[in-house]
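Reproduced below: my_file-v3.pdb, with PDB, C-alpha atoms.
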```pdb
ATOM      1  CA  MET A   1      -3.662  32.893 -21.229
ATOM      2  CA  LYS A   2      -6.833  31.089 -20.206
ATOM      3  CA  ILE A   3      -6.578  28.877 -17.118
ATOM      4  CA  ALA A   4      -8.825  26.276 -15.516
ATOM      5  CA  VAL A   5      -8.273  24.972 -11.984
ATOM      6  CA  ILE A   6      -9.792  21.552 -11.315
ATOM      7  CA  GLY A   7     -10.466  21.095  -7.600
ATOM      8  CA  ALA A   8     -12.014  23.664  -5.268
ATOM      9  CA  GLY A   9     -10.291  22.538  -2.082
ATOM     10  CA  ALA A  10      -7.822  24.616  -0.085
ATOM     11  CA  ILE A  11      -5.075  24.934  -2.699
ATOM     12  CA  GLY A  12      -7.238  25.014  -5.821
ATOM     13  CA  ALA A  13      -9.642  27.601  -4.480
ATOM     14  CA  LEU A  14      -6.877  29.833  -3.099
ATOM     15  CA  VAL A  15      -4.895  29.758  -6.352
ATOM     16  CA  ALA A  16      -7.989  30.444  -8.463
ATOM     17  CA  GLY A  17      -8.991  33.255  -6.124
ATOM     18  CA  TYR A  18      -5.642  35.032  -6.108
ATOM     19  CA  LEU A  19      -5.241  34.722  -9.889
ATOM     20  CA  SER A  20      -8.778  36.023 -10.453
ATOM     21  CA  GLN A  21      -8.068  38.895  -8.085
ATOM     22  CA  GLN A  22      -5.199  39.948 -10.367
ATOM     23  CA  GLY A  23      -7.313  39.855 -13.516
ATOM     24  CA  VAL A  24      -6.169  36.473 -14.870
ATOM     25  CA  MET A  25      -8.862  34.564 -16.798
ATOM     26  CA  VAL A  26      -9.579  31.607 -14.510
ATOM     27  CA  THR A  27     -12.392  29.094 -14.193
ATOM     28  CA  LEU A  28     -12.541  27.024 -11.007
ATOM     29  CA  ILE A  29     -13.975  23.521 -11.502
ATOM     30  CA  GLY A  30     -15.454  22.009  -8.341
ATOM     31  CA  LYS A  31     -18.150  19.903  -6.781
ATOM     32  CA  GLU A  32     -21.692  21.210  -6.830
ATOM     33  CA  LYS A  33     -21.613  22.437  -3.219
ATOM     34  CA  ASP A  34     -18.431  24.429  -3.868
ATOM     35  CA  VAL A  35     -19.705  25.787  -7.178
ATOM     36  CA  ALA A  36     -22.969  26.875  -5.540
ATOM     37  CA  ALA A  37     -21.214  28.618  -2.636
ATOM     38  CA  ILE A  38     -18.549  30.414  -4.669
ATOM     39  CA  GLY A  39     -20.846  31.193  -7.572
ATOM     40  CA  GLY A  40     -23.424  32.685  -5.244
ATOM     41  CA  SER A  41     -21.310  34.626  -2.754
ATOM     42  CA  GLY A  42     -17.736  34.600  -4.061
ATOM     43  CA  LEU A  43     -14.692  32.963  -2.480
ATOM     44  CA  LYS A  44     -14.126  34.015   1.133
ATOM     45  CA  VAL A  45     -10.426  34.141   2.022
ATOM     46  CA  GLU A  46      -8.902  34.741   5.445
ATOM     47  CA  GLY A  47      -5.320  34.618   6.633
ATOM     48  CA  VAL A  48      -1.947  36.198   6.129
ATOM     49  CA  ARG A  49      -3.086  38.622   3.403
ATOM     50  CA  GLY A  50      -6.219  39.713   5.234
ATOM     51  CA  SER A  51      -9.915  38.866   4.936
ATOM     52  CA  PHE A  52     -11.829  39.509   1.723
ATOM     53  CA  VAL A  53     -14.219  38.045  -0.820
ATOM     54  CA  ILE A  54     -13.103  37.355  -4.390
ATOM     55  CA  PRO A  55     -15.507  36.843  -7.309
ATOM     56  CA  VAL A  56     -14.418  33.669  -9.117
ATOM     57  CA  LYS A  57     -15.864  32.109 -12.263
ATOM     58  CA  VAL A  58     -16.926  28.546 -11.408
ATOM     59  CA  ALA A  59     -18.208  25.452 -13.221
ATOM     60  CA  SER A  60     -18.890  21.832 -12.344
ATOM     61  CA  ARG A  61     -17.082  20.415 -15.369
ATOM     62  CA  LEU A  62     -14.184  21.346 -17.628
ATOM     63  CA  GLU A  63     -15.442  22.652 -20.962
ATOM     64  CA  GLY A  64     -14.088  24.640 -23.865
ATOM     65  CA  SER A  65     -10.408  25.264 -24.583
ATOM     66  CA  ASN A  66      -7.789  26.304 -22.047
ATOM     67  CA  ASP A  67      -4.108  27.124 -22.317
ATOM     68  CA  LEU A  68      -3.320  25.606 -18.933
ATOM     69  CA  VAL A  69      -5.180  23.304 -16.556
ATOM     70  CA  ILE A  70      -4.075  23.214 -12.922
ATOM     71  CA  LEU A  71      -5.008  19.840 -11.460
ATOM     72  CA  ALA A  72      -5.684  20.508  -7.769
ATOM     73  CA  VAL A  73      -7.379  17.290  -6.671
ATOM     74  CA  LYS A  74      -5.745  14.774  -4.326
ATOM     75  CA  THR A  75      -3.526  12.096  -5.871
ATOM     76  CA  GLN A  76      -6.076   9.354  -5.185
ATOM     77  CA  ASP A  77      -8.664  11.305  -7.205
ATOM     78  CA  ILE A  78      -6.558  11.942 -10.318
ATOM     79  CA  VAL A  79      -7.686   8.961 -12.400
ATOM     80  CA  ALA A  80     -11.404   9.458 -11.761
ATOM     81  CA  THR A  81     -11.112  13.208 -12.372
ATOM     82  CA  MET A  82      -9.215  12.772 -15.619
ATOM     83  CA  LYS A  83     -11.679  10.223 -16.977
ATOM     84  CA  ILE A  84     -14.377  12.879 -16.664
ATOM     85  CA  ASN A  85     -12.385  15.836 -17.952
ATOM     86  CA  ALA A  86      -9.901  14.337 -20.427
ATOM     87  CA  PRO A  87     -12.090  15.038 -23.508
ATOM     88  CA  ALA A  88     -11.618  18.776 -22.904
ATOM     89  CA  LEU A  89      -7.832  18.550 -22.592
ATOM     90  CA  ALA A  90      -6.760  18.293 -26.237
ATOM     91  CA  ASN A  91      -3.278  19.817 -26.622
ATOM     92  CA  THR A  92      -3.538  21.441 -23.173
ATOM     93  CA  SER A  93      -0.693  21.611 -20.659
ATOM     94  CA  VAL A  94      -1.591  20.199 -17.238
ATOM     95  CA  LEU A  95       0.135  21.334 -14.057
ATOM     96  CA  THR A  96       0.077  19.090 -10.975
ATOM     97  CA  VAL A  97       0.067  20.406  -7.393
ATOM     98  CA  GLN A  98      -0.256  17.120  -5.492
ATOM     99  CA  ASN A  99       1.816  16.029  -2.529
ATOM    100  CA  GLY A 100       3.904  12.888  -2.960
ATOM    101  CA  VAL A 101       5.678  11.698  -6.099
ATOM    102  CA  ARG A 102       3.101   9.728  -8.102
ATOM    103  CA  ALA A 103       0.801  12.332  -9.650
ATOM    104  CA  GLU A 104       2.745  12.775 -12.863
ATOM    105  CA  ASP A 105       2.994   9.041 -13.566
ATOM    106  CA  LEU A 106      -0.766   8.659 -13.077
ATOM    107  CA  LEU A 107      -1.364  11.551 -15.434
ATOM    108  CA  THR A 108       0.551   9.959 -18.332
ATOM    109  CA  GLU A 109      -2.461   7.740 -19.023
ATOM    110  CA  PHE A 110      -4.358  10.833 -20.157
ATOM    111  CA  VAL A 111      -1.836  13.545 -21.093
ATOM    112  CA  PRO A 112       1.291  13.448 -23.310
ATOM    113  CA  ARG A 113       4.478  13.600 -21.264
ATOM    114  CA  ASP A 114       5.622  16.839 -22.868
ATOM    115  CA  LYS A 115       2.386  18.494 -21.709
ATOM    116  CA  ILE A 116       2.813  17.570 -18.028
ATOM    117  CA  ILE A 117       4.198  20.248 -15.718
ATOM    118  CA  SER A 118       5.045  19.400 -12.125
ATOM    119  CA  SER A 119       4.927  21.799  -9.203
ATOM    120  CA  ILE A 120       5.542  21.951  -5.475
ATOM    121  CA  VAL A 121       3.330  24.035  -3.213
ATOM    122  CA  MET A 122       5.228  25.577  -0.322
ATOM    123  CA  PHE A 123       2.439  27.872   0.905
ATOM    124  CA  GLY A 124      -0.192  26.646   3.346
ATOM    125  CA  ALA A 125      -3.980  26.738   3.158
ATOM    126  CA  THR A 126      -6.952  25.192   4.951
ATOM    127  CA  TYR A 127     -10.402  24.401   3.562
ATOM    128  CA  LEU A 128     -13.006  25.458   6.126
ATOM    129  CA  GLU A 129     -16.264  24.951   4.256
ATOM    130  CA  PRO A 130     -17.592  25.356   0.703
ATOM    131  CA  GLY A 131     -16.488  28.762  -0.522
ATOM    132  CA  LYS A 132     -14.248  29.554   2.448
ATOM    133  CA  VAL A 133     -10.497  28.972   2.882
ATOM    134  CA  VAL A 134      -7.718  30.180   5.147
ATOM    135  CA  HIS A 135      -4.331  31.158   3.723
ATOM    136  CA  ASN A 136      -2.102  30.070   6.606
ATOM    137  CA  PHE A 137       1.371  31.032   5.450
ATOM    138  CA  GLU A 138       3.256  32.286   2.394
ATOM    139  CA  GLY A 139       5.674  30.271   0.305
ATOM    140  CA  ASN A 140       6.956  29.568  -3.185
ATOM    141  CA  TRP A 141       5.154  27.668  -5.920
ATOM    142  CA  ILE A 142       8.004  25.770  -7.586
ATOM    143  CA  LEU A 143       7.618  24.685 -11.222
ATOM    144  CA  GLY A 144       9.478  22.113 -13.311
ATOM    145  CA  ARG A 145       9.054  19.808 -16.280
ATOM    146  CA  ALA A 146       8.139  16.318 -15.126
ATOM    147  CA  PHE A 147       9.590  14.293 -18.016
ATOM    148  CA  THR A 148      11.277  16.624 -20.501
ATOM    149  CA  PRO A 149      13.881  19.407 -20.299
ATOM    150  CA  ASP A 150      12.427  22.857 -19.783
ATOM    151  CA  GLY A 151      14.599  24.922 -22.060
ATOM    152  CA  GLY A 152      12.910  28.122 -20.905
ATOM    153  CA  THR A 153       9.428  27.063 -21.996
ATOM    154  CA  LEU A 154       7.984  27.509 -18.507
ATOM    155  CA  ALA A 155       8.849  31.214 -18.325
ATOM    156  CA  PRO A 156       5.436  32.483 -19.551
ATOM    157  CA  ILE A 157       3.568  30.175 -17.152
ATOM    158  CA  SER A 158       5.856  31.138 -14.278
ATOM    159  CA  GLU A 159       5.268  34.824 -15.007
ATOM    160  CA  LEU A 160       1.501  34.364 -15.056
ATOM    161  CA  LEU A 161       1.268  32.238 -11.899
ATOM    162  CA  ALA A 162       3.497  34.717 -10.085
ATOM    163  CA  ASN A 163       0.342  36.846  -9.858
ATOM    164  CA  ALA A 164      -0.579  34.479  -7.015
ATOM    165  CA  PHE A 165       2.745  33.291  -5.538
ATOM    166  CA  PRO A 166       6.481  33.463  -6.327
ATOM    167  CA  THR A 167       7.103  30.758  -8.951
ATOM    168  CA  PRO A 168      10.764  29.761  -9.355
ATOM    169  CA  VAL A 169      11.586  27.124 -11.984
ATOM    170  CA  THR A 170      13.859  24.147 -11.240
ATOM    171  CA  ASP A 171      15.573  21.510 -13.385
ATOM    172  CA  ASN A 172      15.295  18.851 -10.649
ATOM    173  CA  ILE A 173      11.647  18.908  -9.657
ATOM    174  CA  GLY A 174      11.812  15.164  -8.937
ATOM    175  CA  GLY A 175      14.448  15.501  -6.225
ATOM    176  CA  MET A 176      12.548  18.407  -4.698
ATOM    177  CA  LYS A 177       9.291  16.445  -4.655
ATOM    178  CA  TRP A 178      10.968  13.635  -2.735
ATOM    179  CA  LEU A 179      12.232  16.139  -0.160
ATOM    180  CA  LYS A 180       8.782  17.754   0.022
ATOM    181  CA  LEU A 181       7.379  14.293   0.793
ATOM    182  CA  PHE A 182       9.336  14.397   4.063
ATOM    183  CA  LEU A 183       7.628  17.675   4.977
ATOM    184  CA  ASN A 184       4.194  16.215   4.247
ATOM    185  CA  MET A 185       4.547  12.752   5.748
ATOM    186  CA  ASN A 186       4.213  13.949   9.345
ATOM    187  CA  ASN A 187       0.711  15.175   8.495
ATOM    188  CA  CYS A 188      -0.242  11.650   9.537
ATOM    189  CA  LEU A 189       0.145  12.613  13.191
ATOM    190  CA  THR A 190      -2.344  15.491  13.054
ATOM    191  CA  ALA A 191      -4.710  13.122  11.264
ATOM    192  CA  LEU A 192      -4.431  10.664  14.143
ATOM    193  CA  THR A 193      -4.995  13.252  16.887
ATOM    194  CA  GLY A 194      -7.674  15.215  15.022
ATOM    195  CA  LYS A 195      -5.958  18.403  16.224
ATOM    196  CA  SER A 196      -4.106  21.270  14.600
ATOM    197  CA  MET A 197      -0.414  21.044  13.847
ATOM    198  CA  GLN A 198       0.267  23.553  16.600
ATOM    199  CA  GLU A 199      -1.516  21.398  19.195
ATOM    200  CA  THR A 200      -0.161  18.099  17.920
ATOM    201  CA  PHE A 201       3.501  19.088  17.748
ATOM    202  CA  ALA A 202       3.464  21.022  21.020
ATOM    203  CA  GLU A 203       3.810  17.506  22.453
ATOM    204  CA  ILE A 204       7.563  16.859  22.484
ATOM    205  CA  GLU A 205       7.151  13.080  22.330
ATOM    206  CA  THR A 206       4.994  13.444  19.217
ATOM    207  CA  SER A 207       7.672  15.626  17.637
ATOM    208  CA  GLU A 208      10.259  12.993  18.531
ATOM    209  CA  LEU A 209       8.150  10.403  16.723
ATOM    210  CA  SER A 210       8.196  12.671  13.671
ATOM    211  CA  ILE A 211      11.987  12.564  13.682
ATOM    212  CA  ARG A 212      11.916   8.755  13.955
ATOM    213  CA  LEU A 213       9.609   8.592  10.921
ATOM    214  CA  TRP A 214      12.072  10.779   9.022
ATOM    215  CA  GLN A 215      15.029   8.624  10.073
ATOM    216  CA  GLU A 216      13.332   5.499   8.770
ATOM    217  CA  ALA A 217      12.292   7.191   5.530
ATOM    218  CA  LEU A 218      15.735   8.697   4.912
ATOM    219  CA  MET A 219      17.368   5.295   5.354
ATOM    220  CA  VAL A 220      15.148   3.836   2.619
ATOM    221  CA  VAL A 221      15.501   6.802   0.256
ATOM    222  CA  ASP A 222      19.294   6.683   0.556
ATOM    223  CA  GLN A 223      19.348   2.947  -0.091
ATOM    224  CA  ALA A 224      17.218   3.496  -3.183
ATOM    225  CA  GLY A 225      19.791   5.982  -4.497
ATOM    226  CA  ILE A 226      17.289   8.827  -4.713
ATOM    227  CA  ARG A 227      18.997  12.229  -4.806
ATOM    228  CA  LEU A 228      17.135  14.743  -2.708
ATOM    229  CA  GLU A 229      17.200  18.347  -3.913
ATOM    230  CA  SER A 230      17.050  21.282  -1.489
ATOM    231  CA  LEU A 231      13.893  23.382  -1.389
ATOM    232  CA  PRO A 232      14.186  27.189  -1.177
ATOM    233  CA  ASP A 233      13.243  27.262   2.512
ATOM    234  CA  PHE A 234      14.242  23.723   3.491
ATOM    235  CA  PRO A 235      17.718  22.514   2.514
ATOM    236  CA  VAL A 236      18.549  18.822   2.471
ATOM    237  CA  ASP A 237      21.192  19.489   5.135
ATOM    238  CA  ARG A 238      18.466  20.530   7.586
ATOM    239  CA  LEU A 239      16.747  17.172   7.200
ATOM    240  CA  ARG A 240      20.003  15.294   7.578
ATOM    241  CA  GLY A 241      21.050  17.446  10.513
ATOM    242  CA  LEU A 242      17.812  16.890  12.446
ATOM    243  CA  THR A 243      17.813  13.138  11.827
ATOM    244  CA  ALA A 244      21.443  12.875  12.977
ATOM    245  CA  MET A 245      20.870  14.720  16.291
ATOM    246  CA  PRO A 246      20.019  13.054  19.590
ATOM    247  CA  ILE A 247      16.284  12.405  19.367
ATOM    248  CA  ALA A 248      15.378  14.572  22.373
ATOM    249  CA  GLU A 249      17.217  17.594  20.964
ATOM    250  CA  ALA A 250      15.774  17.138  17.469
ATOM    251  CA  GLY A 251      12.269  16.732  18.864
ATOM    252  CA  LYS A 252      12.438  20.079  20.662
ATOM    253  CA  ILE A 253      13.649  21.877  17.540
ATOM    254  CA  TYR A 254      10.971  20.255  15.368
ATOM    255  CA  SER A 255       8.302  21.195  17.906
ATOM    256  CA  GLN A 256       9.382  24.842  17.754
ATOM    257  CA  ILE A 257       9.281  24.816  13.945
ATOM    258  CA  MET A 258       5.829  23.267  13.691
ATOM    259  CA  THR A 259       4.132  25.287  16.414
ATOM    260  CA  GLY A 260       5.356  28.505  14.795
ATOM    261  CA  LEU A 261       4.124  27.820  11.252
ATOM    262  CA  SER A 262       0.917  29.851  11.397
ATOM    263  CA  LYS A 263      -1.053  32.136  13.681
ATOM    264  CA  GLU A 264      -4.275  30.423  12.617
ATOM    265  CA  PRO A 265      -4.785  26.735  13.421
ATOM    266  CA  LEU A 266      -3.170  24.703  10.639
ATOM    267  CA  TYR A 267      -4.569  21.300   9.706
ATOM    268  CA  GLY A 268      -2.605  18.920   7.525
ATOM    269  CA  SER A 269      -3.883  17.670   4.194
ATOM    270  CA  ILE A 270      -4.650  14.201   5.544
ATOM    271  CA  LEU A 271      -6.798  15.487   8.398
ATOM    272  CA  GLN A 272      -8.611  17.909   6.107
ATOM    273  CA  SER A 273      -9.681  14.970   3.930
ATOM    274  CA  ILE A 274     -10.827  12.944   6.940
ATOM    275  CA  LYS A 275     -12.857  15.866   8.280
ATOM    276  CA  ARG A 276     -14.581  16.092   4.898
ATOM    277  CA  GLY A 277     -15.417  12.378   5.011
ATOM    278  CA  ARG A 278     -13.084  11.541   2.142
ATOM    279  CA  PRO A 279     -10.188   9.073   1.750
ATOM    280  CA  SER A 280      -6.845  10.668   2.530
ATOM    281  CA  GLU A 281      -3.557  10.664   0.624
ATOM    282  CA  ILE A 282      -1.723   8.636   3.298
ATOM    283  CA  ASP A 283      -0.906   5.859   0.784
ATOM    284  CA  TYR A 284       0.985   8.431  -1.319
ATOM    285  CA  LEU A 285       2.947   9.913   1.600
ATOM    286  CA  ASN A 286       4.015   7.465   4.312
ATOM    287  CA  GLY A 287       2.731   4.702   2.043
ATOM    288  CA  GLU A 288       5.299   5.737  -0.565
ATOM    289  CA  ILE A 289       8.067   5.032   1.943
ATOM    290  CA  VAL A 290       6.523   1.647   2.726
ATOM    291  CA  ARG A 291       6.365   0.744  -0.998
ATOM    292  CA  LEU A 292       9.937   1.839  -1.541
ATOM    293  CA  GLY A 293      11.077  -0.271   1.411
ATOM    294  CA  GLU A 294       9.203  -3.330   0.178
ATOM    295  CA  GLY A 295      10.903  -3.035  -3.203
ATOM    296  CA  LEU A 296      14.290  -3.040  -1.456
ATOM    297  CA  ALA A 297      13.326  -5.723   1.088
ATOM    298  CA  VAL A 298      13.877  -3.133   3.846
ATOM    299  CA  ALA A 299      11.456  -2.989   6.787
ATOM    300  CA  THR A 300       9.684   0.313   7.488
ATOM    301  CA  PRO A 301       7.612  -0.554  10.590
ATOM    302  CA  LEU A 302       6.976   2.993  11.825
ATOM    303  CA  ASN A 303       5.672   4.347   8.536
ATOM    304  CA  LYS A 304       3.733   1.147   7.922
ATOM    305  CA  MET A 305       2.031   1.585  11.297
ATOM    306  CA  MET A 306       1.179   5.217  10.462
ATOM    307  CA  VAL A 307      -0.558   4.092   7.264
ATOM    308  CA  ALA A 308      -2.562   1.471   9.150
ATOM    309  CA  LEU A 309      -3.562   3.857  11.946
ATOM    310  CA  VAL A 310      -4.691   6.591   9.558
ATOM    311  CA  HIS A 311      -6.846   4.104   7.674
ATOM    312  CA  ARG A 312      -8.325   3.059  11.012
ATOM    313  CA  VAL A 313      -9.247   6.664  11.798
ATOM    314  CA  GLU A 314     -10.706   7.067   8.305
ATOM    315  CA  ASN A 315     -12.924   4.038   8.864
ATOM    316  CA  THR A 316     -13.943   4.646  12.480
ATOM    317  CA  GLY A 317     -13.831   8.427  12.857
ATOM    318  CA  GLU A 318     -12.195   7.902  16.268
ATOM    319  CA  PHE A 319      -9.066   9.973  16.911
ATOM    320  CA  LEU A 320      -6.212   8.982  19.207
ATOM    321  CA  GLU A 321      -4.431  10.657  22.078
ATOM    322  CA  PRO A 322      -0.653  11.114  21.647
ATOM    323  CA  LYS A 323       0.052   8.507  24.346
ATOM    324  CA  ASP A 324      -2.100   6.001  22.464
ATOM    325  CA  ILE A 325      -0.195   6.627  19.231
ATOM    326  CA  LEU A 326       3.129   6.109  20.986
ATOM    327  CA  ARG A 327       1.851   2.904  22.553
ATOM    328  CA  GLU A 328       0.696   1.593  19.178
ATOM    329  CA  VAL A 329       4.095   2.135  17.591
ATOM    330  CA  GLY A 330       5.977   0.842  20.621
ATOM    331  CA  VAL A 331       7.954   4.015  21.331
TER     332      VAL A 331
END
```
Show me this structure written as structure tokens.
Amino acid sequence: MKIAVIGAGAIGALVAGYLSQQGVMVTLIGKEKDVAAIGGSGLKVEGVRGSFVIPVKVASRLEGSNDLVILAVKTQDIVATMKINAPALANTSVLTVQNGVRAEDLLTEFVPRDKIISSIVMFGATYLEPGKVVHNFEGNWILGRAFTPDGGTLAPISELLANAFPTPVTDNIGGMKWLKLFLNMNNCLTALTGKSMQETFAEIETSELSIRLWQEALMVVDQAGIRLESLPDFPVDRLRGLTAMPIAEAGKIYSQIMTGLSKEPLYGSILQSIKRGRPSEIDYLNGEIVRLGEGLAVATPLNKMMVALVHRVENTGEFLEPKDILREVGV
């Protein structure tokens, strides 16, 4: 099977590197600076599996035929990316790896529904510079059909991608993606502080704010009748249990979880985009909760404030201290 990975950021580069390392035919499609760095010196990987350099085939544009295309750009970049690469996607299955819940709907403009495969990335990676990534922690790569029943058709793809990460297949990828959104939405706080997750969530009051954001989001999701599906390492009951606890107790537990995620400094996806001078995916994380609330005529002031503050940081480049964030949200 011939694979192309579009997007040479943290996830795309790491996946392409690990698959290439195992002899899978992979081409990594990236921006010129990434193509130049990886094409010239290979992909440098550090982290939980050690430090090494992997030769990876690279290109600046999707060409030729592929059996599978892994779309590893941010949600906000899907439409522009597909306009450029769609001509080379005839009869090709496309697998999404984006956070949030909108990627598949955006993709239907360019790809038939029966060719769209959804996935959830549970491993962690950080983009350091062109051609260099950190693999922060291990995790599953969950696959599922976005719009049609699977019927066992994903087995060959699951087997191939398992060369990089464990790839279980689920029949309710939608419910899992909504639960994964909860895990990603607190990336907004690292984006506001400009610090690692370990530093940001060592602050108990910041961790308490994370729980408040979850409480607000869970209220809206429940009112919308969305059925959350447990992830392999994060059951729905854990989310409901933390949001039902006294806030001080829940904040301490959440702080312990987040500060213990990785030995290396871990930076959320939103902050990584800001550090690269690019728009973040905040509108597809906390912004998704705001949109859902607006459709139900339910106020979501905390998540709405997070969206506004992240956009402020994007525009000004000025990060906030935890006390300033708490003052802004009135906690």
So what does the PyMOL selection byres ((chain A and resi 234-244) around 10) actually pick up in this one, as a PyMOL selection string?
chain A and resi 122+176+179-180+182-183+210-216+218+227-233+245-247+249-251+253-254
Can you spell out as an MDAnalysis selection string the set of residues that the PyMOL selection byres ((chain A and resi 105-108) around 9) selects in the structure I just provided?
chainID A and resid 75 78:79 82 94 96 101:104 109:113 116
Kindly resolve the PyMOL selection byres ((chain A and resi 15) around 12) on the present coordinates and return the residues as a PyMOL selection string.
chain A and resi 3-14+16-22+24+26-28+43+45+54+56+70-72+97+121+123-125+133-135+141+160-166
Between A:Glu205, A:Glu281, A:Glu264, A:Glu328, which residue has the minimum interatomic distance to Glu46 of chain A, considering only C-alpha atoms?
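Of all the options, A:Glu264 lies closest to Glu46 of chain A.
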Between atom CA of Glu129 of chain A and atom CA of Gly42 of chain A, what is the distance, to one decimal in Å?
12.8 Å
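Note that atom CA of Gly175 of chain A and atom CA of Thr200 of chain A are 28.3 Å apart.
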Out of A:Leu302, A:Ile325, A:Ile29, A:Met1, which residue has the shortest atom-to-atom distance to Pro156 of chain A when counting all atoms listed in the file?
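Smallest distance to Pro156 of chain A is found for A:Met1.
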Between A:Glu294, A:Glu203, A:Asp283, A:Asp77, which one has atoms that come closest to Ala308 of chain A, using all atoms listed in the file?
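Checking each candidate against Ala308 of chain A, we get A:Asp283 as the closest.
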Contacts of segment 310-324 of chain A within 10 Å, all atoms listed in the file, excl. fewer than 4 positions in-chain, as a PyMOL selection string:
chain A and resi 188-195+200-201+203+205-206+270-271+273-275+277-283+305-306+328-331
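Candidate residues A:Val69, A:Ala299, A:Asp34, A:Lys57 were compared for distance to Lys2 of chain A, and the nearest is A:Val69, using all atoms listed in the file.
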Using only C-alpha atoms, which of A:Met219, A:Ala59, A:Thr259, A:Leu285 sits nearest Val298 of chain A?
A:Met219
Polymer residues at most 8 Å from Ser60 of chain A, all atoms listed in the file, same-chain spacing of 2 or more positions, as a PDB file with C-alpha atoms, keeping the file's coordinate frame:
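Contents of part-v8.pdb, freshly written:
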```pdb
ATOM      1  CA  ILE A  29     -13.975  23.521 -11.502  1.00  0.00           C
ATOM      2  CA  GLY A  30     -15.454  22.009  -8.341  1.00  0.00           C
ATOM      3  CA  LYS A  31     -18.150  19.903  -6.781  1.00  0.00           C
ATOM      4  CA  GLU A  32     -21.692  21.210  -6.830  1.00  0.00           C
ATOM      5  CA  VAL A  35     -19.705  25.787  -7.178  1.00  0.00           C
ATOM      6  CA  VAL A  58     -16.926  28.546 -11.408  1.00  0.00           C
ATOM      7  CA  LEU A  62     -14.184  21.346 -17.628  1.00  0.00           C
TER       8      LEU A  62
END
```
Mind pulling up the distance from atom CA of Lys263 of chain A to atom CA of Asn136 of chain A?
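So the answer is 7.4 Å.
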Which is closest to Thr300 of chain A among A:Ala248, A:Val220, A:Gly268, A:Met258, if we use all atoms listed in the file?
A:Val220
Put the listed atoms of segment 178-183 of chain A in a box along x, y and z with 8 Å added on every side and give me the centre and edge lengths in Å to one decimal, as JSON.
```
{"center_x": 9.8, "center_y": 15.7, "center_z": 1.1, "size_x": 20.9, "size_y": 20.1, "size_z": 23.7}
```
Output segment 32-45 of chain A with N, CA and C atoms present, as an mmCIF file, in the frame of the given file.
```
data_model
loop_
_atom_site.group_PDB
_atom_site.id
_atom_site.type_symbol
_atom_site.label_atom_id
_atom_site.label_comp_id
_atom_site.auth_asym_id
_atom_site.auth_seq_id
_atom_site.Cartn_x
_atom_site.Cartn_y
_atom_site.Cartn_z
ATOM 1 N N GLU A 32 -20.503 20.357 -6.786
ATOM 2 C CA GLU A 32 -21.692 21.210 -6.830
ATOM 3 C C GLU A 32 -21.797 22.126 -5.620
ATOM 4 N N LYS A 33 -21.480 21.603 -4.421
ATOM 5 C CA LYS A 33 -21.613 22.437 -3.219
ATOM 6 C C LYS A 33 -20.631 23.606 -3.246
ATOM 7 N N ASP A 34 -19.423 23.357 -3.778
ATOM 8 C CA ASP A 34 -18.431 24.429 -3.868
ATOM 9 C C ASP A 34 -18.813 25.432 -4.951
ATOM 10 N N VAL A 35 -19.275 24.915 -6.079
ATOM 11 C CA VAL A 35 -19.705 25.787 -7.178
ATOM 12 C C VAL A 35 -20.855 26.681 -6.730
ATOM 13 N N ALA A 36 -21.813 26.094 -6.008
ATOM 14 C CA ALA A 36 -22.969 26.875 -5.540
ATOM 15 C C ALA A 36 -22.539 27.973 -4.573
ATOM 16 N N ALA A 37 -21.643 27.635 -3.640
ATOM 17 C CA ALA A 37 -21.214 28.618 -2.636
ATOM 18 C C ALA A 37 -20.400 29.744 -3.254
ATOM 19 N N ILE A 38 -19.425 29.399 -4.089
ATOM 20 C CA ILE A 38 -18.549 30.414 -4.669
ATOM 21 C C ILE A 38 -19.280 31.206 -5.749
ATOM 22 N N GLY A 39 -20.094 30.499 -6.532
ATOM 23 C CA GLY A 39 -20.846 31.193 -7.572
ATOM 24 C C GLY A 39 -21.865 32.167 -7.010
ATOM 25 N N GLY A 40 -22.408 31.823 -5.835
ATOM 26 C CA GLY A 40 -23.424 32.685 -5.244
ATOM 27 C C GLY A 40 -22.871 33.839 -4.436
ATOM 28 N N SER A 41 -21.803 33.595 -3.681
ATOM 29 C CA SER A 41 -21.310 34.626 -2.754
ATOM 30 C C SER A 41 -19.839 34.965 -2.922
ATOM 31 N N GLY A 42 -19.158 34.357 -3.902
ATOM 32 C CA GLY A 42 -17.736 34.600 -4.061
ATOM 33 C C GLY A 42 -16.913 33.722 -3.137
ATOM 34 N N LEU A 43 -15.610 33.734 -3.322
ATOM 35 C CA LEU A 43 -14.692 32.963 -2.480
ATOM 36 C C LEU A 43 -14.256 33.812 -1.290
ATOM 37 N N LYS A 44 -14.519 33.312 -0.091
ATOM 38 C CA LYS A 44 -14.126 34.015 1.133
ATOM 39 C C LYS A 44 -12.736 33.525 1.545
ATOM 40 N N VAL A 45 -11.808 34.457 1.658
ATOM 41 C CA VAL A 45 -10.426 34.141 2.022
ATOM 42 C C VAL A 45 -10.059 34.870 3.300
#
```
